[in-house]
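Data file: model-v8.cif. Format and content: mmCIF, C-alpha atoms (C1' of nucleotides).
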data_my_file
loop_
_atom_site.label_atom_id
_atom_site.label_comp_id
_atom_site.auth_asym_id
_atom_site.auth_seq_id
_atom_site.Cartn_x
_atom_site.Cartn_y
_atom_site.Cartn_z
CA MET A 1057 0.00 0.00 0.00
CA ALA A 1058 0.91 3.67 0.11
CA ARG A 1059 2.79 3.29 -3.15
CA THR A 1060 2.85 6.36 -5.35
CA ARG A 1061 4.35 6.91 -8.75
CA GLY A 1062 5.92 4.18 -10.79
CA SER A 1063 4.58 1.72 -13.33
CA LYS A 1064 3.65 -1.80 -12.21
CA ALA A 1065 1.30 -2.83 -14.97
CA GLU A 1066 1.96 -6.53 -14.64
CA ILE A 1067 0.54 -6.66 -11.12
CA THR A 1068 -1.83 -3.71 -10.83
CA GLY A 1069 -4.57 -5.31 -12.92
CA PRO A 1070 -4.99 -8.40 -10.72
CA LEU A 1071 -4.65 -6.29 -7.59
CA ILE A 1072 -7.52 -4.07 -8.70
CA ARG A 1073 -9.73 -7.08 -9.32
CA GLU A 1074 -8.86 -8.63 -5.97
CA ALA A 1075 -9.50 -5.42 -4.08
CA ALA A 1076 -12.75 -4.74 -5.91
CA LEU A 1077 -14.02 -8.27 -5.28
CA ARG A 1078 -13.26 -8.11 -1.59
CA LEU A 1079 -14.73 -4.63 -1.11
CA PHE A 1080 -17.83 -5.20 -3.27
CA ALA A 1081 -18.59 -8.45 -1.43
CA ARG A 1082 -18.07 -6.89 1.97
CA HIS A 1083 -19.85 -3.55 1.56
CA GLY A 1084 -21.85 -3.82 -1.64
CA TYR A 1085 -21.15 -2.49 -5.13
CA ALA A 1086 -22.90 0.82 -4.68
CA ALA A 1087 -21.29 1.47 -1.31
CA VAL A 1088 -17.74 1.14 -2.60
CA SER A 1089 -16.07 4.03 -4.40
CA MET A 1090 -13.39 3.86 -7.05
CA ARG A 1091 -11.25 5.89 -4.65
CA GLN A 1092 -11.51 3.16 -2.01
CA ILE A 1093 -10.43 0.50 -4.48
CA ALA A 1094 -7.53 2.65 -5.64
CA ARG A 1095 -6.41 3.32 -2.08
CA GLU A 1096 -6.42 -0.42 -1.35
CA VAL A 1097 -4.24 -1.07 -4.38
CA GLY A 1098 -1.96 1.87 -3.72
CA VAL A 1099 -2.68 4.00 -6.78
CA GLN A 1100 -4.73 7.10 -7.47
CA ALA A 1101 -8.34 6.74 -8.62
CA GLY A 1102 -7.62 7.91 -12.15
CA ALA A 1103 -5.20 5.03 -12.69
CA LEU A 1104 -8.01 2.46 -12.44
CA TYR A 1105 -9.41 3.65 -15.74
CA ALA A 1106 -6.41 2.23 -17.56
CA TYR A 1107 -7.76 -1.21 -16.62
CA THR A 1108 -11.52 -0.85 -16.80
CA PRO A 1109 -13.69 1.50 -18.85
CA ASP A 1110 -15.93 2.10 -15.82
CA LYS A 1111 -17.14 0.73 -12.52
CA GLN A 1112 -19.95 -1.27 -14.09
CA ALA A 1113 -17.56 -3.13 -16.38
CA LEU A 1114 -15.41 -4.01 -13.37
CA LEU A 1115 -18.41 -5.56 -11.60
CA PHE A 1116 -19.49 -7.48 -14.68
CA ASP A 1117 -15.97 -8.77 -15.28
CA LEU A 1118 -15.76 -10.15 -11.75
CA MET A 1119 -19.09 -11.93 -12.05
CA GLU A 1120 -18.47 -13.31 -15.53
CA THR A 1121 -15.02 -14.58 -14.60
CA HIS A 1122 -16.47 -16.31 -11.56
CA MET A 1123 -19.24 -18.04 -13.48
CA GLN A 1124 -16.95 -19.18 -16.27
CA ARG A 1125 -14.41 -20.55 -13.82
CA LEU A 1126 -17.20 -22.39 -11.99
CA LEU A 1127 -18.53 -23.91 -15.20
CA ALA A 1128 -15.05 -24.95 -16.31
CA SER A 1129 -14.28 -26.50 -12.92
CA TRP A 1130 -17.25 -28.86 -12.87
CA GLN A 1131 -16.38 -32.04 -14.74
CA ASP A 1132 -19.28 -34.44 -14.81
CA ASP A 1133 -18.75 -38.13 -15.60
CA THR A 1134 -21.93 -39.15 -17.35
CA ALA A 1135 -20.76 -42.77 -17.43
CA SER A 1136 -20.99 -43.04 -13.64
CA PRO A 1137 -24.21 -43.96 -11.81
CA PRO A 1138 -26.42 -40.89 -11.15
CA LEU A 1139 -26.05 -41.13 -7.38
CA VAL A 1140 -22.27 -41.11 -7.66
CA ARG A 1141 -22.49 -38.06 -9.91
CA LEU A 1142 -24.87 -36.37 -7.48
CA GLU A 1143 -22.58 -36.94 -4.53
CA ARG A 1144 -19.67 -35.48 -6.50
CA PHE A 1145 -21.79 -32.46 -7.41
CA VAL A 1146 -22.81 -31.86 -3.80
CA ARG A 1147 -19.23 -32.00 -2.54
CA PHE A 1148 -17.94 -29.96 -5.48
CA HIS A 1149 -20.51 -27.22 -5.03
CA ILE A 1150 -19.88 -26.89 -1.31
CA ALA A 1151 -16.11 -26.84 -1.68
CA ASP A 1152 -16.20 -24.39 -4.56
CA SER A 1153 -18.63 -22.08 -2.77
CA LEU A 1154 -16.49 -22.01 0.36
CA ASP A 1155 -13.28 -21.50 -1.63
CA HIS A 1156 -14.79 -18.57 -3.54
CA SER A 1157 -17.33 -17.20 -1.09
CA ASP A 1158 -16.77 -13.55 -2.02
CA SER A 1159 -17.47 -14.31 -5.68
CA VAL A 1160 -20.50 -16.44 -4.83
CA PHE A 1161 -21.94 -13.69 -2.68
CA LEU A 1162 -21.23 -11.03 -5.28
CA SER A 1163 -22.67 -13.00 -8.18
CA TYR A 1164 -25.91 -13.56 -6.31
CA MET A 1165 -26.27 -10.19 -4.66
CA GLU A 1166 -25.24 -7.69 -7.26
CA LEU A 1167 -27.22 -9.03 -10.20
CA ARG A 1168 -29.55 -6.08 -9.68
CA ASN A 1169 -26.74 -3.60 -10.24
CA LEU A 1170 -25.91 -4.98 -13.68
CA SER A 1171 -27.08 -3.29 -16.83
CA GLU A 1172 -29.83 -5.21 -18.60
CA VAL A 1173 -27.56 -6.71 -21.21
CA ASN A 1174 -24.96 -7.75 -18.63
CA HIS A 1175 -27.68 -9.21 -16.44
CA ARG A 1176 -28.83 -11.42 -19.28
CA LYS A 1177 -25.32 -12.77 -19.86
CA ILE A 1178 -24.78 -13.69 -16.22
CA SER A 1179 -28.26 -15.21 -15.93
CA LYS A 1180 -27.52 -17.43 -18.89
CA LEU A 1181 -24.32 -18.72 -17.26
CA ARG A 1182 -26.25 -19.43 -14.06
CA ARG A 1183 -28.86 -21.41 -15.94
CA ASP A 1184 -26.11 -23.36 -17.68
CA TYR A 1185 -24.76 -24.35 -14.29
CA GLU A 1186 -28.17 -25.23 -12.89
CA SER A 1187 -28.80 -27.48 -15.88
CA LYS A 1188 -25.73 -29.54 -14.94
CA LEU A 1189 -27.52 -30.62 -11.79
CA GLU A 1190 -30.83 -31.03 -13.57
CA SER A 1191 -29.28 -33.51 -16.00
CA ILE A 1192 -28.05 -35.64 -13.10
CA LEU A 1193 -31.49 -35.63 -11.50
CA ARG A 1194 -33.10 -36.50 -14.82
CA ASP A 1195 -30.80 -39.46 -15.39
CA GLY A 1196 -31.39 -40.65 -11.84
CA GLN A 1197 -35.14 -40.36 -12.30
CA GLN A 1198 -34.89 -42.46 -15.44
CA ASP A 1199 -32.83 -45.14 -13.67
CA GLU A 1200 -35.32 -45.02 -10.80
CA VAL A 1201 -32.62 -44.37 -8.20
CA ILE A 1202 -33.91 -40.82 -7.70
CA GLY A 1203 -37.51 -39.83 -7.11
CA VAL A 1204 -38.50 -36.16 -7.08
CA ASP A 1205 -41.75 -34.45 -8.03
CA ASP A 1206 -40.18 -31.73 -10.14
CA ILE A 1207 -36.67 -31.76 -11.62
CA ARG A 1208 -36.25 -28.02 -12.10
CA LEU A 1209 -37.60 -27.05 -8.70
CA SER A 1210 -35.60 -29.73 -6.91
CA ALA A 1211 -32.42 -28.55 -8.58
CA MET A 1212 -33.10 -24.99 -7.45
CA ALA A 1213 -33.86 -26.19 -3.93
CA LEU A 1214 -30.66 -28.25 -3.72
CA ILE A 1215 -28.46 -25.45 -5.05
CA GLY A 1216 -30.10 -23.05 -2.61
CA MET A 1217 -29.44 -25.42 0.26
CA LEU A 1218 -25.82 -26.00 -0.71
CA THR A 1219 -24.96 -22.37 -1.44
CA ALA A 1220 -26.35 -21.25 1.91
CA VAL A 1221 -23.39 -23.00 3.50
CA THR A 1222 -21.48 -19.74 2.94
CA ASN A 1223 -23.88 -17.99 5.35
CA TRP A 1224 -22.68 -19.77 8.43
CA TYR A 1225 -19.51 -21.78 7.68
CA ARG A 1226 -16.39 -20.41 9.28
CA ALA A 1227 -13.03 -22.08 8.66
CA GLY A 1228 -11.63 -23.43 11.90
CA GLY A 1229 -15.10 -23.71 13.40
CA ARG A 1230 -16.93 -26.70 14.85
CA LEU A 1231 -16.98 -28.66 11.58
CA ASP A 1232 -14.36 -29.07 8.87
CA GLN A 1233 -15.16 -29.00 5.17
CA GLN A 1234 -15.11 -32.80 4.78
CA ARG A 1235 -17.58 -33.27 7.62
CA VAL A 1236 -19.87 -30.55 6.24
CA GLY A 1237 -19.80 -32.34 2.89
CA ASP A 1238 -20.77 -35.60 4.60
CA ILE A 1239 -23.74 -34.05 6.38
CA TYR A 1240 -25.00 -32.17 3.32
CA TRP A 1241 -24.70 -35.28 1.19
CA GLY A 1242 -26.87 -37.09 3.73
CA LEU A 1243 -29.49 -34.35 3.49
CA ALA A 1244 -29.37 -34.17 -0.31
CA LYS A 1245 -29.54 -37.94 -0.76
CA GLY A 1246 -32.65 -38.11 1.39
CA ALA A 1247 -34.24 -35.09 -0.30
CA VAL A 1248 -34.15 -36.73 -3.72
CA GLY A 1249 -35.53 -39.96 -2.29
CA ALA A 1250 -32.37 -42.04 -2.64
CA MET B 286 -47.13 11.05 -6.59
CA ALA B 287 -46.15 14.58 -7.61
CA ARG B 288 -47.92 15.92 -4.54
CA THR B 289 -46.43 19.09 -3.13
CA ARG B 290 -47.40 21.08 -0.06
CA GLY B 291 -49.97 19.95 2.44
CA SER B 292 -49.80 17.84 5.57
CA LYS B 293 -50.65 14.15 5.38
CA ALA B 294 -48.92 12.85 8.46
CA GLU B 295 -51.25 9.94 8.94
CA ILE B 296 -50.26 8.34 5.65
CA THR B 297 -46.81 9.68 4.87
CA GLY B 298 -45.04 7.54 7.47
CA PRO B 299 -46.21 4.21 6.06
CA LEU B 300 -45.65 5.44 2.51
CA ILE B 301 -42.04 6.25 3.31
CA ARG B 302 -41.48 2.80 4.75
CA GLU B 303 -43.11 1.10 1.77
CA ALA B 304 -41.12 3.10 -0.74
CA ALA B 305 -37.86 2.59 1.13
CA LEU B 306 -38.44 -1.15 1.40
CA ARG B 307 -39.19 -1.51 -2.30
CA LEU B 308 -36.26 0.65 -3.42
CA PHE B 309 -33.73 -0.80 -0.98
CA ALA B 310 -34.69 -4.34 -1.99
CA ARG B 311 -34.55 -3.54 -5.68
CA HIS B 312 -31.39 -1.46 -5.90
CA GLY B 313 -29.60 -1.88 -2.58
CA TYR B 314 -29.44 0.39 0.45
CA ALA B 315 -26.33 2.27 -0.62
CA ALA B 316 -27.59 2.79 -4.14
CA VAL B 317 -30.82 4.49 -3.06
CA SER B 318 -30.84 8.15 -2.06
CA MET B 319 -33.16 9.85 0.36
CA ARG B 320 -34.19 12.07 -2.55
CA GLN B 321 -35.34 9.01 -4.51
CA ILE B 322 -37.45 7.79 -1.61
CA ALA B 323 -38.96 11.25 -1.18
CA ARG B 324 -39.78 11.51 -4.89
CA GLU B 325 -41.55 8.15 -4.77
CA VAL B 326 -43.67 9.30 -1.83
CA GLY B 327 -44.34 12.72 -3.30
CA VAL B 328 -42.59 14.91 -0.75
CA GLN B 329 -39.30 16.77 -0.61
CA ALA B 330 -36.23 15.07 0.87
CA GLY B 331 -36.19 17.22 3.99
CA ALA B 332 -39.65 15.99 4.99
CA LEU B 333 -38.34 12.44 5.50
CA TYR B 334 -36.42 13.56 8.56
CA ALA B 335 -39.66 14.18 10.44
CA TYR B 336 -40.12 10.39 10.37
CA THR B 337 -36.63 8.98 10.76
CA PRO B 338 -33.52 10.44 12.39
CA ASP B 339 -31.40 9.22 9.48
CA LYS B 340 -31.10 6.71 6.64
CA GLN B 341 -29.50 4.02 8.80
CA ALA B 342 -32.40 4.09 11.28
CA LEU B 343 -34.83 3.67 8.41
CA LEU B 344 -33.02 0.53 7.24
CA PHE B 345 -32.83 -0.92 10.73
CA ASP B 346 -36.49 -0.23 11.37
CA LEU B 347 -37.50 -2.11 8.22
CA MET B 348 -35.40 -5.13 9.14
CA GLU B 349 -36.43 -5.22 12.78
CA THR B 350 -40.11 -4.88 11.94
CA HIS B 351 -39.81 -7.73 9.49
CA MET B 352 -38.08 -10.09 11.91
CA GLN B 353 -40.49 -9.33 14.73
CA ARG B 354 -43.51 -9.84 12.50
CA LEU B 355 -42.03 -13.15 11.31
CA LEU B 356 -41.40 -14.35 14.85
CA ALA B 357 -44.90 -13.34 15.95
CA SER B 358 -46.50 -15.06 12.97
CA TRP B 359 -44.99 -18.48 13.62
CA GLN B 360 -47.17 -20.35 16.11
CA ASP B 361 -45.77 -23.76 16.90
CA ASP B 362 -47.94 -26.45 18.46
CA THR B 363 -45.54 -28.46 20.56
CA ALA B 364 -48.28 -30.95 21.40
CA SER B 365 -48.41 -32.13 17.79
CA PRO B 366 -46.12 -34.86 16.43
CA PRO B 367 -42.77 -33.47 15.22
CA LEU B 368 -43.42 -34.36 11.59
CA VAL B 369 -46.71 -32.46 11.64
CA ARG B 370 -44.95 -29.47 13.14
CA LEU B 371 -42.17 -29.71 10.55
CA GLU B 372 -44.63 -29.78 7.66
CA ARG B 373 -46.38 -26.73 9.08
CA PHE B 374 -43.04 -24.95 9.40
CA VAL B 375 -42.05 -25.74 5.82
CA ARG B 376 -45.32 -24.44 4.42
CA PHE B 377 -45.33 -21.42 6.72
CA HIS B 378 -41.79 -20.40 5.84
CA ILE B 379 -42.39 -20.68 2.10
CA ALA B 380 -45.66 -18.76 2.23
CA ASP B 381 -44.25 -16.05 4.47
CA SER B 382 -41.10 -15.65 2.35
CA LEU B 383 -43.12 -15.30 -0.83
CA ASP B 384 -45.58 -12.88 0.79
CA HIS B 385 -42.75 -10.66 2.07
CA SER B 386 -40.00 -11.29 -0.45
CA ASP B 387 -38.70 -7.70 -0.39
CA SER B 388 -38.27 -7.84 3.37
CA VAL B 389 -36.66 -11.27 3.22
CA PHE B 390 -34.20 -10.12 0.60
CA LEU B 391 -33.43 -6.92 2.49
CA SER B 392 -32.96 -8.61 5.84
CA TYR B 393 -30.48 -11.03 4.38
CA MET B 394 -28.65 -8.69 2.06
CA GLU B 395 -28.23 -5.49 3.98
CA LEU B 396 -26.96 -6.92 7.25
CA ARG B 397 -23.55 -5.64 6.20
CA ASN B 398 -24.81 -2.06 6.01
CA LEU B 399 -26.04 -2.06 9.61
CA SER B 400 -24.05 -0.45 12.38
CA GLU B 401 -22.45 -2.98 14.71
CA VAL B 402 -25.03 -2.60 17.44
CA ASN B 403 -27.94 -2.84 14.99
CA HIS B 404 -26.32 -5.85 13.34
CA ARG B 405 -26.23 -7.67 16.66
CA LYS B 406 -29.91 -7.01 17.31
CA ILE B 407 -31.01 -8.38 13.94
CA SER B 408 -28.70 -11.37 14.22
CA LYS B 409 -30.24 -12.26 17.55
CA LEU B 410 -33.74 -12.20 16.04
CA ARG B 411 -32.53 -14.45 13.21
CA ARG B 412 -31.08 -16.95 15.66
CA ASP B 413 -34.34 -16.91 17.61
CA TYR B 414 -36.18 -17.88 14.46
CA GLU B 415 -33.68 -20.58 13.50
CA SER B 416 -34.04 -22.11 16.95
CA LYS B 417 -37.77 -22.60 16.32
CA LEU B 418 -36.88 -25.10 13.59
CA GLU B 419 -34.07 -26.62 15.62
CA SER B 420 -36.48 -27.45 18.45
CA ILE B 421 -38.73 -29.32 16.02
CA LEU B 422 -35.78 -31.32 14.69
CA ARG B 423 -34.58 -32.07 18.21
CA ASP B 424 -37.99 -33.35 19.30
CA GLY B 425 -38.24 -35.46 16.14
CA GLN B 426 -34.80 -36.90 16.76
CA GLN B 427 -35.83 -37.85 20.27
CA ASP B 428 -39.02 -39.53 19.03
CA GLU B 429 -36.92 -41.27 16.35
CA VAL B 430 -39.13 -40.02 13.53
CA ILE B 431 -36.35 -37.75 12.31
CA GLY B 432 -32.74 -38.74 11.75
CA VAL B 433 -30.14 -36.09 10.92
CA ASP B 434 -26.41 -35.97 11.65
CA ASP B 435 -26.40 -32.44 13.00
CA ILE B 436 -29.40 -30.46 14.22
CA ARG B 437 -27.95 -26.98 13.82
CA LEU B 438 -26.50 -27.56 10.38
CA SER B 439 -29.63 -29.30 9.12
CA ALA B 440 -31.77 -26.39 10.30
CA MET B 441 -29.54 -23.94 8.42
CA ALA B 442 -29.64 -26.14 5.32
CA LEU B 443 -33.43 -26.41 5.40
CA ILE B 444 -33.97 -22.68 5.92
CA GLY B 445 -31.52 -21.97 3.11
CA MET B 446 -33.39 -24.34 0.82
CA LEU B 447 -36.79 -22.88 1.67
CA THR B 448 -35.78 -19.23 1.51
CA ALA B 449 -34.22 -19.70 -1.92
CA VAL B 450 -37.74 -20.13 -3.24
CA THR B 451 -37.83 -16.32 -3.55
CA ASN B 452 -35.03 -16.52 -6.14
CA TRP B 453 -37.11 -18.18 -8.82
CA TYR B 454 -40.80 -18.21 -7.83
CA ARG B 455 -43.00 -15.93 -9.89
CA ALA B 456 -46.69 -15.59 -9.09
CA GLY B 457 -48.76 -16.81 -11.99
CA GLY B 458 -45.95 -19.05 -13.20
CA ARG B 459 -45.84 -22.79 -13.82
CA LEU B 460 -46.54 -23.73 -10.19
CA ASP B 461 -48.89 -22.22 -7.62
CA GLN B 462 -47.93 -21.71 -4.00
CA GLN B 463 -49.75 -24.82 -2.75
CA ARG B 464 -47.98 -27.05 -5.25
CA VAL B 465 -44.61 -25.51 -4.40
CA GLY B 466 -45.31 -26.24 -0.75
CA ASP B 467 -46.10 -29.86 -1.61
CA ILE B 468 -42.86 -30.36 -3.52
CA TYR B 469 -40.69 -28.67 -0.89
CA TRP B 470 -42.32 -30.69 1.86
CA GLY B 471 -41.41 -33.83 -0.07
CA LEU B 472 -37.80 -32.69 -0.29
CA ALA B 473 -37.59 -31.61 3.34
CA LYS B 474 -39.20 -34.80 4.66
CA GLY B 475 -36.67 -36.91 2.79
CA ALA B 476 -33.77 -34.71 3.83
CA VAL B 477 -34.42 -35.30 7.52
CA GLY B 478 -34.83 -39.02 6.97
CA ALA B 479 -38.56 -39.20 7.57
"C1'" DG C 1386 1.05 3.64 -16.48
"C1'" DT C 1387 0.36 6.83 -13.15
"C1'" DC C 1388 -0.01 11.36 -11.45
"C1'" DT C 1389 -2.57 15.89 -10.30
"C1'" DA C 1390 -6.32 18.62 -11.11
"C1'" DT C 1391 -10.87 19.28 -12.23
"C1'" DA C 1392 -15.67 19.11 -14.49
"C1'" DT C 1393 -20.10 17.89 -13.26
"C1'" DA C 1394 -23.22 15.84 -10.44
"C1'" DG C 1395 -25.30 13.97 -6.50
"C1'" DC C 1396 -25.19 12.85 -1.61
"C1'" DG C 1397 -27.08 13.15 3.70
"C1'" DA C 1398 -28.56 16.23 6.67
"C1'" DT C 1399 -30.03 20.81 8.64
"C1'" DA C 1400 -32.14 25.70 9.10
"C1'" DG C 1401 -35.77 28.55 8.96
"C1'" DA C 1402 -40.19 30.06 6.71
"C1'" DC C 1403 -44.98 28.92 6.46
"C1'" DG D 1291 -45.60 18.52 8.52
"C1'" DT D 1292 -43.69 20.21 4.60
"C1'" DC D 1293 -41.26 23.43 1.82
"C1'" DT D 1294 -37.07 25.86 -0.11
"C1'" DA D 1295 -32.41 26.62 0.18
"C1'" DT D 1296 -28.05 25.39 1.36
"C1'" DC D 1297 -23.70 23.51 3.78
"C1'" DG D 1298 -20.01 20.43 3.30
"C1'" DC D 1299 -18.74 16.57 1.26
"C1'" DT D 1300 -18.05 12.75 -1.97
"C1'" DA D 1301 -18.95 10.51 -6.24
"C1'" DT D 1302 -17.54 8.94 -11.33
"C1'" DA D 1303 -15.01 10.05 -14.92
"C1'" DT D 1304 -11.75 12.77 -17.90
"C1'" DA D 1305 -7.64 15.85 -19.43
"C1'" DG D 1306 -3.12 16.66 -19.80
"C1'" DA D 1307 1.66 16.44 -17.68
"C1'" DC D 1308 5.43 13.29 -16.96
#

What would you get if you wrote out this structure as structure tokens?
Amino acid sequence: MARTRGSKAEITGPLIREAALRLFARHGYAAVSMRQIAREVGVQAGALYAYTPDKQALLFDLMETHMQRLLASWQDDTASPPLVRLERFVRFHIADSLDHSDSVFLSYMELRNLSEVNHRKISKLRRDYESKLESILRDGQQDEVIGVDDIRLSAMALIGMLTAVTNWYRAGGRLDQQRVGDIYWGLAKGAVGA
Amino acid sequence: MARTRGSKAEITGPLIREAALRLFARHGYAAVSMRQIAREVGVQAGALYAYTPDKQALLFDLMETHMQRLLASWQDDTASPPLVRLERFVRFHIADSLDHSDSVFLSYMELRNLSEVNHRKISKLRRDYESKLESILRDGQQDEVIGVDDIRLSAMALIGMLTAVTNWYRAGGRLDQQRVGDIYWGLAKGAVGA
DNA sequence: GTCTATATAGCGATAGAC
DNA sequence: GTCTATCGCTATATAGAC
């Protein structure tokens, strides 16, 4: 911090994104000023505009990067039995949410501060992710190892349940991540009638 | 709207609260100005300060009112079997969340914009509500009609699952509220091993 | 690439008239 | 109870020097 003058292009970009993510998640997009982000990085506010055309683009970039990383990280194995795939999804989603809780929070909370066109793009990526779980439930339904009344709604319910882990989980608390995964898998398995 | 001059004390107070709730939920506390709220109500910005000492108090009041109304609305019947109580809770929580979705969203989202002392008060009310569900799960566990690995975590998971209904439910959509309640009760019942 | 300086606008909150 | 007017401050974004 407190740096002034001098060109550090190779690191300033990532630093801006890290600072913006942390501050937006903590205080909200609208509550954070470009000056605050700049101060955190150690540059003057004007310098940020060499990296982003405006504040809105910075928010969108953070959310899009998060969603694309999430989608790329999930590797389904459609050859495995549906219940094996479902257990992997449950543990993957919990671990990924906890490892990127700022991004998860931001991508859910600040949708409303996106321009209409940006909102549509992020919503599409979210639906793509949701459909990954839906396809597992559908295959399980077909194999009769899963029994739910409504695929779409059950997928939304499960993702809601799993994502909410970020609301209360604290590293170093009563339960470690493995144990949390165990308990949630027990809940999810029962929920889908397996 | 567009009203100017004239004293309407008996209605202005509620109108301010309604407008603030709607705008805060839609755009975020920090993104909404007192001038915007005033415009929506049809008064000048200065007039708001006859009803609230400042913007922060207005936010806190909305959240506290919501939590207290929620707590007062839930009437448990501890004489009933735990599974009956759990079904009632599931349907109550869904219906209440959908009927007050702006308040639900606000009370979850804007915790971070509360002062420390206000944050503690709201958090306590939330924990009070969560413990209502925990007591049902505990009684069910004792009667051996419910089997979960961890009462606290399962309560958080269930509330997360139920509350997320506000993310996708649209009145007049594919499913009505009764049907949604049926499906969620099926999921919740299975999740707790009943 | 980053700085300083600034244009232009809006903010929360208050004072005093009616 | 509401208005008008205003204080003091901060916001996003841009221009031009280095």

If you take all atoms listed in the file and a cut-off of 12 Å, which residues of chain A touch chain D, and what are their nearest atom pairs and distances in Å to one decimal, in chain and number order, as a tab-separated table?
residue	atom	partner	partner_atom	distance
A:Arg1061	CA	D:DC1308	C1'	10.5
A:Gly1062	CA	D:DC1308	C1'	11.0
A:Ala1086	CA	D:DA1301	C1'	10.6
A:Ala1087	CA	D:DA1301	C1'	10.6
A:Val1088	CA	D:DA1301	C1'	10.1
A:Ser1089	CA	D:DA1301	C1'	7.3
A:Met1090	CA	D:DT1302	C1'	7.8
A:Arg1091	CA	D:DA1301	C1'	9.1
A:Gln1092	CA	D:DA1301	C1'	11.3
A:Ala1101	CA	D:DA1303	C1'	9.8
A:Gly1102	CA	D:DA1303	C1'	8.2
A:Ala1103	CA	D:DA1303	C1'	11.2
A:Leu1104	CA	D:DA1303	C1'	10.6
A:Tyr1105	CA	D:DA1303	C1'	8.5
A:Ala1106	CA	D:DT1304	C1'	11.8
A:Thr1108	CA	D:DA1303	C1'	11.6
A:Pro1109	CA	D:DA1303	C1'	9.5
A:Asp1110	CA	D:DA1303	C1'	8.1
A:Lys1111	CA	D:DT1302	C1'	8.3
A:Gln1112	CA	D:DT1302	C1'	10.8

Find the residues around Met441 (chain B) up to 12 Å (only C-alpha atoms (C1' of nucleotides) counted), leave out those fewer than 4 positions away in its own chain, and share them as an MDAnalysis selection string. (chainID A and resid 1216:1225 1236 1239:1240 1243) or (chainID B and resid 411:412 414:419 422 435:437 445:448)

Please determine the residues with any atom at most 12 Å from (-21.6, -38.9, -18.1) (coordinates as given in the file, with only C-alpha atoms (C1' of nucleotides) counting) and report them as a PyMOL selection string. chain A and resi 1131-1142+1188-1189+1191-1192+1195-1196

Can you spell out as a ChimeraX atom specification the set of residues that the PyMOL selection byres ((chain C) within 12 of (chain A)) selects in the structure I just provided? /C:1386-1391

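Coordinates place CA of Tyr1107 (chain A) at a distance of 24.8 Å from CA of Ser1179 (chain A).
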
Run the PyMOL selection byres ((chain A and resi 1162-1175) around 8) on the file and write out the hits as a ChimeraX atom specification. /A:1077,1080-1081,1084-1085,1112,1115-1116,1119,1122,1158-1161,1176-1179 /B:311-312,394

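Of the residues under consideration (B:Ala442, B:Trp359, B:Arg455, B:Leu460), B:Ala442 shows the shortest atom-to-atom contact distance to chain A when counting only C-alpha atoms.
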
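Among the candidates A:Gly1228, A:Gly1237, A:Ile1215, A:Gln1198, the residue lying nearest to chain B is A:Ile1215 (atoms considered: all atoms listed in the file).
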
Quick check, in Å to one decimal: how far apart do CA of Gln1197 (chain A) and CA of Gly471 (chain B) lie? 15.2 Å

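Residue selection for this entry, given the PyMOL selection byres ((chain B and resi 300-304) around 9), comprises B:Ile296, B:Thr297, B:Gly298, B:Pro299, B:Ala305, B:Leu306, B:Arg307, B:Leu308, B:Phe309, B:Ile322, B:Ala323, B:Glu325, B:Val326, B:Leu333, B:Tyr336, B:Leu343, B:Asp346, B:Leu347.
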
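Distance-wise, CA of His378 (chain B) and CA of Leu355 (chain B) end up 9.1 Å apart.
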
Considering only C-alpha atoms, give me a table of residues in region 1104-1217 of chain A that are at most 8 Å from region 1246-1250 of chain A, with the closest atom pair and distance in Å for each, as CSV.
residue,atom,partner,partner_atom,distance
A:Leu1139,CA,A:Ala1250,CA,8.0
A:Val1201,CA,A:Ala1250,CA,6.0
A:Ile1202,CA,A:Ala1250,CA,5.4
A:Gly1203,CA,A:Gly1249,CA,5.2
A:Val1204,CA,A:Val1248,CA,5.5
A:Ser1210,CA,A:Val1248,CA,7.8

Convert the current residue selection to file output with C-alpha atoms, as a short mmCIF file (atom, residue, chain, number, x, y, z; two decimals), keeping the file's coordinate frame.
data_model
loop_
_atom_site.label_atom_id
_atom_site.label_comp_id
_atom_site.auth_asym_id
_atom_site.auth_seq_id
_atom_site.Cartn_x
_atom_site.Cartn_y
_atom_site.Cartn_z
CA LEU A 1139 -26.05 -41.13 -7.38
CA VAL A 1201 -32.62 -44.37 -8.20
CA ILE A 1202 -33.91 -40.82 -7.70
CA GLY A 1203 -37.51 -39.83 -7.11
CA VAL A 1204 -38.50 -36.16 -7.08
CA SER A 1210 -35.60 -29.73 -6.91
#

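With all atoms listed in the file as the atoms that count, the minimum distance from chain B to the choices A:His1156, A:Glu1066, A:Ala1244, A:Lys1180 is reached by A:Ala1244.
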
Pick from B:Asp434, B:Asp428, B:Asp461, B:Asp413 nearest to chain A, counting all atoms listed in the file: B:Asp434
